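Engineer: Got a structure for you, written out below as structure tokens; questions coming shortly.
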Amino acid sequence: MHRESSSGGTDRAGRERGPAAPLWSWLRRVGLLLVTVVAIEYVAVDLITGARQSWTSVGTAAPLVLVLAFALEAASFGCYSGLTHALLPPATRPPYLTVLAIDVTGNGFSHVVPGGGAVAAALRFRLLSRAKVPAADAVATGAVQYAVTVLWLVAAFILGLITAVPLPGTHPFLKTAAILTVVLVVTFGGLVAVLMVRPDQVVTVTHTLARRLPLIHPTAFERLVRAIIDQVHLVLGSRAQGRRTLLWGLGYWSFDAASLYLSVLAFGDAPNLGGLIATYALVSLLALLPITPGGLGLVEGVAVPVLVSFGTIQDAALLGVLTWRLFGFWLPVPVAGATYLWLRVRVLPRMSRDHGPG
């Protein structure tokens with residue numbers, strides 16, 4: 001019943017909007033594709049060319065350090081899925097390996113399509129729904145998980161700047177970014193406070209807004225808002241749940257940052273720890289922007305010069321960043337294809353048989 005009324009509301013709103021929505025969607029996709037091509041042409045190609053020259057000057061990398069960097073990157077993926085698993089409601093929570101496969105699949109697909117984050121979120125949502133996770137719970141979990149990830153990255157960025165840039169006149173751009181992150185933290189804190197103190201008013205306001213917006217069904221949107229509020233109350237109201245959420249989030253970004261550190265170290269130069277943390281947090285926040293798939297070109301183009309500005313040797317910074325991106329960006333792509341097939345052929349059909357028709 002809910003599914004039918006939701007689709008009916010969507011159809012009516014779509015007729016009211018006319019052909020503008022498909023046109024805007026097409027223009028947006030073309031724009032993202034052009035930005036991706038430019039990033040690859042003018043940033044990624046130059047970096048690869050420079051990497052060939054740097055490889056001859058640096059020499060052979062330390063293989064054991066690179067193996068450890070790869071292991072830490074894999075541990076980071078595991079922690080991210082641990083965060084997903086911890087936030088999902090226990091009554092409808094799939095097994096951890098299923099959640100891990102869904103997250104790896106979504107992450108890999110986000111690296112190969114324009115506007116990859118949105119496409120990956122849709123794929124991840126569909127797979128969670130096939131795993132019998134209610135739609136509102138799946139979307140609410142993604143929203144809270146995104147907020148936790150952003151807050152940890154913001155905290156890491158501020159920590160890195162405090163450690164690496166003690167003088168006010170040094171790195172004025174990064175100082176400005178630090179001010180913006182403080183504003184972001186305050187804004188997030190205010191939103192969480194409102195959700196905790198005035199949840200009923202939040203539901204009333206969002207329901208009123210949804211009635212005025214096209215392509216949004218008020219009842220479904222209200223159900224989503226209530227699910228997000230329940231998630232926030234669960235995380236902040238339960239000490240054990242809050243501790244698990246914070247630790248999984250901490251493990252996710254700290255293992256990833258440690259992988260970047262070792263990737264640079266493997267090529268003969270130990271980067272400044274505070275500078276590396278600030279660099280990692282900055283480029284990770286950039287990668288969340290829906291500009292290029294997984295921040296392709298942007299992450300590499302920003303990480304290398306910022307690491308160099310903190311004292312890392314140019315060759316080591318370039319090769320280290322490209323190695324780190326190999327582990328975290330390129331290798332998950334073929335793995336995502338394998339996990340998707342495993343989910344569709346082995347896991348999801350079995351779950352459908354066990355739970356009955358959805």
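Every chain in the structure tokens takes a letter, A first, then B, and so on in the order presented; its residues are numbered from 1, and the ligands are numbered from 1 following the presented order.
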At a cut-off of 12 Å, using only C-alpha atoms, what residues contact A:Leu127? Leave out same-chain residues fewer than 3 positions from it and give the result as a count of residues only.
Structural biologist: 34
Engineer: Please run DSSP on the backbone and report, as a ChimeraX atom specification, all residues within stretch 283-334 of chain A that come out as helix (DSSP H, G or I).
Structural biologist: /A:283-287,293-295,298-309,314-330,332-334
Engineer: Counting only C-alpha atoms, which of A:Val119, A:Ala317, A:Ala336, A:Ala278 gets nearest to A:Ala164?
Structural biologist: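 Looking only at the distances to A:Ala164, the closest residue turns out to be A:Ala278.
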Engineer: Suppose you want the space between atom CA of A:Leu66 and atom CA of A:Leu262; what is it in Å?
Structural biologist: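 So the answer is 6.8 Å.
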Engineer: Enter the distance from atom CA of A:Phe109 to atom CA of A:Leu288, in Å, rounded to one decimal.
Structural biologist: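 Those two atoms sit 14.4 Å apart.
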Engineer: List as a list in words the protein and nucleic acid residues near A:His111, meaning an atom at most 8 Å away when only C-alpha atoms are counted, but skip any in the same chain fewer than 4 places from it.
Structural biologist: Asn107, Gly116, Pro293, Gly294, Leu296, Phe329, Trp330 and Val333 of chain A
Engineer: Go ahead and save the residues from that selection, with all heavy atoms, as a PDB file, in the first residue's frame.
Structural biologist:
```pdb
ATOM      1  N   ASN A 107      31.397   0.704  -2.804  1.00  0.00           N
ATOM      2  CA  ASN A 107      32.610   1.499  -2.893  1.00  0.00           C
ATOM      3  C   ASN A 107      33.287   1.331  -4.243  1.00  0.00           C
ATOM      4  O   ASN A 107      33.727   2.312  -4.867  1.00  0.00           O
ATOM      5  CB  ASN A 107      33.564   1.107  -1.767  1.00  0.00           C
ATOM      6  CG  ASN A 107      34.838   1.914  -1.764  1.00  0.00           C
ATOM      7  OD1 ASN A 107      35.829   1.556  -2.387  1.00  0.00           O
ATOM      8  ND2 ASN A 107      34.827   3.027  -1.054  1.00  0.00           N
ATOM      9  N   GLY A 116      29.762   9.140  -8.828  1.00  0.00           N
ATOM     10  CA  GLY A 116      29.773   7.784  -8.295  1.00  0.00           C
ATOM     11  C   GLY A 116      29.163   7.634  -6.928  1.00  0.00           C
ATOM     12  O   GLY A 116      28.595   6.594  -6.616  1.00  0.00           O
ATOM     13  N   PRO A 293      34.438  10.639  -9.763  1.00  0.00           N
ATOM     14  CA  PRO A 293      34.269   9.363  -9.054  1.00  0.00           C
ATOM     15  C   PRO A 293      35.350   9.146  -8.004  1.00  0.00           C
ATOM     16  O   PRO A 293      36.533   9.040  -8.327  1.00  0.00           O
ATOM     17  CB  PRO A 293      34.361   8.314 -10.173  1.00  0.00           C
ATOM     18  CG  PRO A 293      34.003   9.050 -11.414  1.00  0.00           C
ATOM     19  CD  PRO A 293      34.498  10.450 -11.224  1.00  0.00           C
ATOM     20  N   GLY A 294      34.944   9.093  -6.735  1.00  0.00           N
ATOM     21  CA  GLY A 294      35.897   8.850  -5.660  1.00  0.00           C
ATOM     22  C   GLY A 294      36.971   9.910  -5.536  1.00  0.00           C
ATOM     23  O   GLY A 294      38.023   9.660  -4.966  1.00  0.00           O
ATOM     24  N   LEU A 296      38.667  11.188  -8.021  1.00  0.00           N
ATOM     25  CA  LEU A 296      39.740  10.885  -8.969  1.00  0.00           C
ATOM     26  C   LEU A 296      40.332  12.175  -9.528  1.00  0.00           C
ATOM     27  O   LEU A 296      39.615  13.027 -10.045  1.00  0.00           O
ATOM     28  CB  LEU A 296      39.203  10.018 -10.109  1.00  0.00           C
ATOM     29  CG  LEU A 296      40.200   9.646 -11.218  1.00  0.00           C
ATOM     30  CD1 LEU A 296      41.340   8.820 -10.663  1.00  0.00           C
ATOM     31  CD2 LEU A 296      39.490   8.907 -12.341  1.00  0.00           C
ATOM     32  N   PHE A 329      41.606   2.861  -4.088  1.00  0.00           N
ATOM     33  CA  PHE A 329      40.712   3.300  -5.158  1.00  0.00           C
ATOM     34  C   PHE A 329      40.601   2.277  -6.282  1.00  0.00           C
ATOM     35  O   PHE A 329      39.504   1.907  -6.677  1.00  0.00           O
ATOM     36  CB  PHE A 329      41.204   4.636  -5.731  1.00  0.00           C
ATOM     37  CG  PHE A 329      40.309   5.205  -6.800  1.00  0.00           C
ATOM     38  CD1 PHE A 329      39.296   6.073  -6.469  1.00  0.00           C
ATOM     39  CD2 PHE A 329      40.482   4.873  -8.142  1.00  0.00           C
ATOM     40  CE1 PHE A 329      38.461   6.602  -7.453  1.00  0.00           C
ATOM     41  CE2 PHE A 329      39.664   5.390  -9.127  1.00  0.00           C
ATOM     42  CZ  PHE A 329      38.649   6.259  -8.776  1.00  0.00           C
ATOM     43  N   TRP A 330      41.736   1.794  -6.805  1.00  0.00           N
ATOM     44  CA  TRP A 330      41.700   0.943  -7.992  1.00  0.00           C
ATOM     45  C   TRP A 330      41.464  -0.519  -7.681  1.00  0.00           C
ATOM     46  O   TRP A 330      40.667  -1.187  -8.362  1.00  0.00           O
ATOM     47  CB  TRP A 330      43.002   1.109  -8.788  1.00  0.00           C
ATOM     48  CG  TRP A 330      43.151   2.483  -9.362  1.00  0.00           C
ATOM     49  CD1 TRP A 330      44.021   3.459  -8.963  1.00  0.00           C
ATOM     50  CD2 TRP A 330      42.384   3.052 -10.423  1.00  0.00           C
ATOM     51  NE1 TRP A 330      43.852   4.595  -9.710  1.00  0.00           N
ATOM     52  CE2 TRP A 330      42.858   4.377 -10.623  1.00  0.00           C
ATOM     53  CE3 TRP A 330      41.352   2.584 -11.237  1.00  0.00           C
ATOM     54  CZ2 TRP A 330      42.309   5.226 -11.585  1.00  0.00           C
ATOM     55  CZ3 TRP A 330      40.820   3.428 -12.205  1.00  0.00           C
ATOM     56  CH2 TRP A 330      41.300   4.717 -12.366  1.00  0.00           C
ATOM     57  N   VAL A 333      37.870  -1.949  -7.277  1.00  0.00           N
ATOM     58  CA  VAL A 333      36.984  -2.043  -8.440  1.00  0.00           C
ATOM     59  C   VAL A 333      36.777  -3.491  -8.874  1.00  0.00           C
ATOM     60  O   VAL A 333      35.634  -3.965  -8.960  1.00  0.00           O
ATOM     61  CB  VAL A 333      37.522  -1.172  -9.595  1.00  0.00           C
ATOM     62  CG1 VAL A 333      36.692  -1.392 -10.860  1.00  0.00           C
ATOM     63  CG2 VAL A 333      37.501   0.304  -9.197  1.00  0.00           C
TER      64      VAL A 333
END
```
Engineer: Which of these residues is nearest to A:Pro305, using only C-alpha atoms: A:Ala287, A:Val67, A:Trp324, A:Gly275?
Structural biologist: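 Checking each of A:Ala287, A:Val67, A:Trp324, A:Gly275 against A:Pro305, counting only C-alpha atoms, the winner is A:Gly275.
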Engineer: For atom CA of A:Ala281 and atom CA of A:Gly268, quote the distance in Å rounded to one decimal.
Structural biologist: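 These two atoms are separated by 22.7 Å.
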Engineer: Out of A:Ala147, A:Ala270, A:Ile277, A:Leu83, which residue has the shortest atom-to-atom distance to A:Leu159 when counting only C-alpha atoms?
Structural biologist: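 Nearest to A:Leu159: A:Ile277.
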